[in-house]
Amino acid sequence: MEQKKLLAVGATFPQLLGVDARGREVKRSDFPGKKLIAYFYPKDNTPGCTAEACSLRDGYARLGQAGYQVIGVSKDSEASHQKFAAKYDLPFPLISDPEHRLCEEAGVWQLKKMAGREYMGVVRTTFVLDENGVVTHVITKVNTKDAAGQLVELLGL
């Protein structure tokens, strides 16, 4: 399987995002006039992913005041996302991408290595998009404990 390259600054992000925790199809155009922060993470309820989600939850109001909508994406099921969002009171949509279509389009579905084995999985990455869906920033070294602070600093908010 050939890996796609990571979407770069200046690229247009895919229109179809996927399905949210309630089973509704979500498109980029569902957020007119908003800049998007699309963060891709490996798995619900794991330490790093939980820390990242909670940091973004805690910084959500500040990011929202600056015109940003946060969206989380992983290959977890809608049911898993529902439980994860409820458990941690996440105010933003989580997109279920079980076939990793969006992950592949964004270039975050990559070969990973852990404990000597290789497998395909989601590489933690955050994309910042302008109101037209054009990538303005890509974070590949995400600070899971302070993801919101990292974005606030990067975006000068």
# chains A, B, ... in the order shown; residues from 1 in each chain; ligands from 1

call {"tool": "closest_atom_pairs", "arguments": {"of": "region 106-125 of chain A", "to": "region 39-61 of chain A", "cutoff": "12 Å", "atoms": "only C-alpha atoms", "output": "Markdown table"}}
result
| residue | atom | partner | partner_atom | distance |
| --- | --- | --- | --- | --- |
| A:Ala106 | CA | A:Phe40 | CA | 9.3 |
| A:Gly107 | CA | A:Phe40 | CA | 10.4 |
| A:Val108 | CA | A:Phe40 | CA | 7.6 |
| A:Trp109 | CA | A:Pro42 | CA | 9.7 |
| A:Gln110 | CA | A:Pro42 | CA | 11.1 |
| A:Lys112 | CA | A:Pro42 | CA | 11.0 |
| A:Met120 | CA | A:Pro42 | CA | 10.7 |
| A:Gly121 | CA | A:Pro42 | CA | 7.0 |
| A:Val122 | CA | A:Pro42 | CA | 5.0 |
| A:Val123 | CA | A:Pro42 | CA | 6.7 |
| A:Arg124 | CA | A:Tyr41 | CA | 4.7 |
| A:Thr125 | CA | A:Phe40 | CA | 5.3 |

call {"tool": "select_by_dssp", "arguments": {"residues": "chain A", "states": "strand (DSSP E)", "output": "JSON, numbers by chain"}}
result
{"A": [16, 17, 18, 19, 25, 26, 27, 35, 36, 37, 38, 39, 40, 68, 69, 70, 71, 72, 73, 74, 94, 95, 96, 109, 110, 111, 112, 113, 114, 117, 118, 119, 120, 121, 122, 125, 126, 127, 128, 129, 135, 136, 137, 138, 139]}

call {"tool": "atom_distance", "arguments": {"atom1": "CA of Leu129 (chain A)", "atom2": "CA of Ser80 (chain A)"}}
result
26.1 Å

call {"tool": "select_by_dssp", "arguments": {"residues": "chain A", "states": "alpha helix (DSSP H)", "output": "compact mmCIF listing (two decimals) with C-alpha atoms, in the first residue's frame"}}
result
# COMPACT_ATOMS: atom_id res chain seq x y z
CA PRO A 47 -3.19 8.54 27.84
CA GLY A 48 -1.74 10.82 25.14
CA CYS A 49 -4.98 11.11 23.19
CA THR A 50 -6.97 11.86 26.33
CA ALA A 51 -4.47 14.54 27.42
CA GLU A 52 -4.64 16.13 23.95
CA ALA A 53 -8.45 16.09 23.85
CA CYS A 54 -8.72 17.56 27.36
CA SER A 55 -6.20 20.30 26.54
CA LEU A 56 -8.23 21.23 23.45
CA ARG A 57 -11.42 21.12 25.54
CA ASP A 58 -9.87 23.49 28.08
CA TYR A 60 -11.86 25.51 23.23
CA ALA A 61 -13.46 28.82 24.26
CA ARG A 62 -10.29 30.78 23.50
CA LEU A 63 -9.86 29.10 20.11
CA GLY A 64 -13.56 29.64 19.37
CA GLN A 65 -13.34 33.35 20.21
CA GLU A 78 -19.08 6.37 16.54
CA ALA A 79 -19.99 4.57 19.80
CA SER A 80 -16.41 4.89 21.09
CA HIS A 81 -16.40 8.59 20.22
CA GLN A 82 -19.75 9.11 21.98
CA LYS A 83 -18.42 7.56 25.20
CA PHE A 84 -15.07 9.38 24.97
CA ALA A 85 -16.74 12.78 24.38
CA ALA A 86 -19.22 12.21 27.22
CA LYS A 87 -16.58 10.96 29.68
CA TYR A 88 -14.36 14.01 29.14
CA ARG A 101 -10.31 7.45 4.20
CA LEU A 102 -9.78 10.96 5.60
CA CYS A 103 -6.61 9.85 7.40
CA GLU A 104 -5.20 8.61 4.09
CA GLU A 105 -6.26 11.78 2.22
CA ALA A 106 -4.56 13.90 4.89
CA ALA A 147 -2.11 21.06 22.55
CA ALA A 148 -4.30 24.15 23.01
CA GLY A 149 -1.40 26.24 24.32
CA GLN A 150 0.74 25.09 21.41
CA LEU A 151 -1.97 26.29 18.99
CA VAL A 152 -2.50 29.58 20.83
CA GLU A 153 1.24 30.29 20.62
CA LEU A 154 1.53 29.19 16.97
CA LEU A 155 -1.47 31.29 15.90

call {"tool": "residues_around", "arguments": {"residues": "region 131-134 of chain A", "least_positions_apart": "4", "cutoff": "9 Å", "atoms": "only C-alpha atoms", "output": "MDAnalysis selection string"}}
result
chainID A and resid 9:15 28:29 31:36

call {"tool": "atom_distance", "arguments": {"atom1": "CA of Gln69 (chain A)", "atom2": "CA of Phe92 (chain A)"}}
result
7.6 Å

call {"tool": "atom_distance", "arguments": {"atom1": "CA of Glu118 (chain A)", "atom2": "CA of Thr140 (chain A)"}}
result
19.8 Å
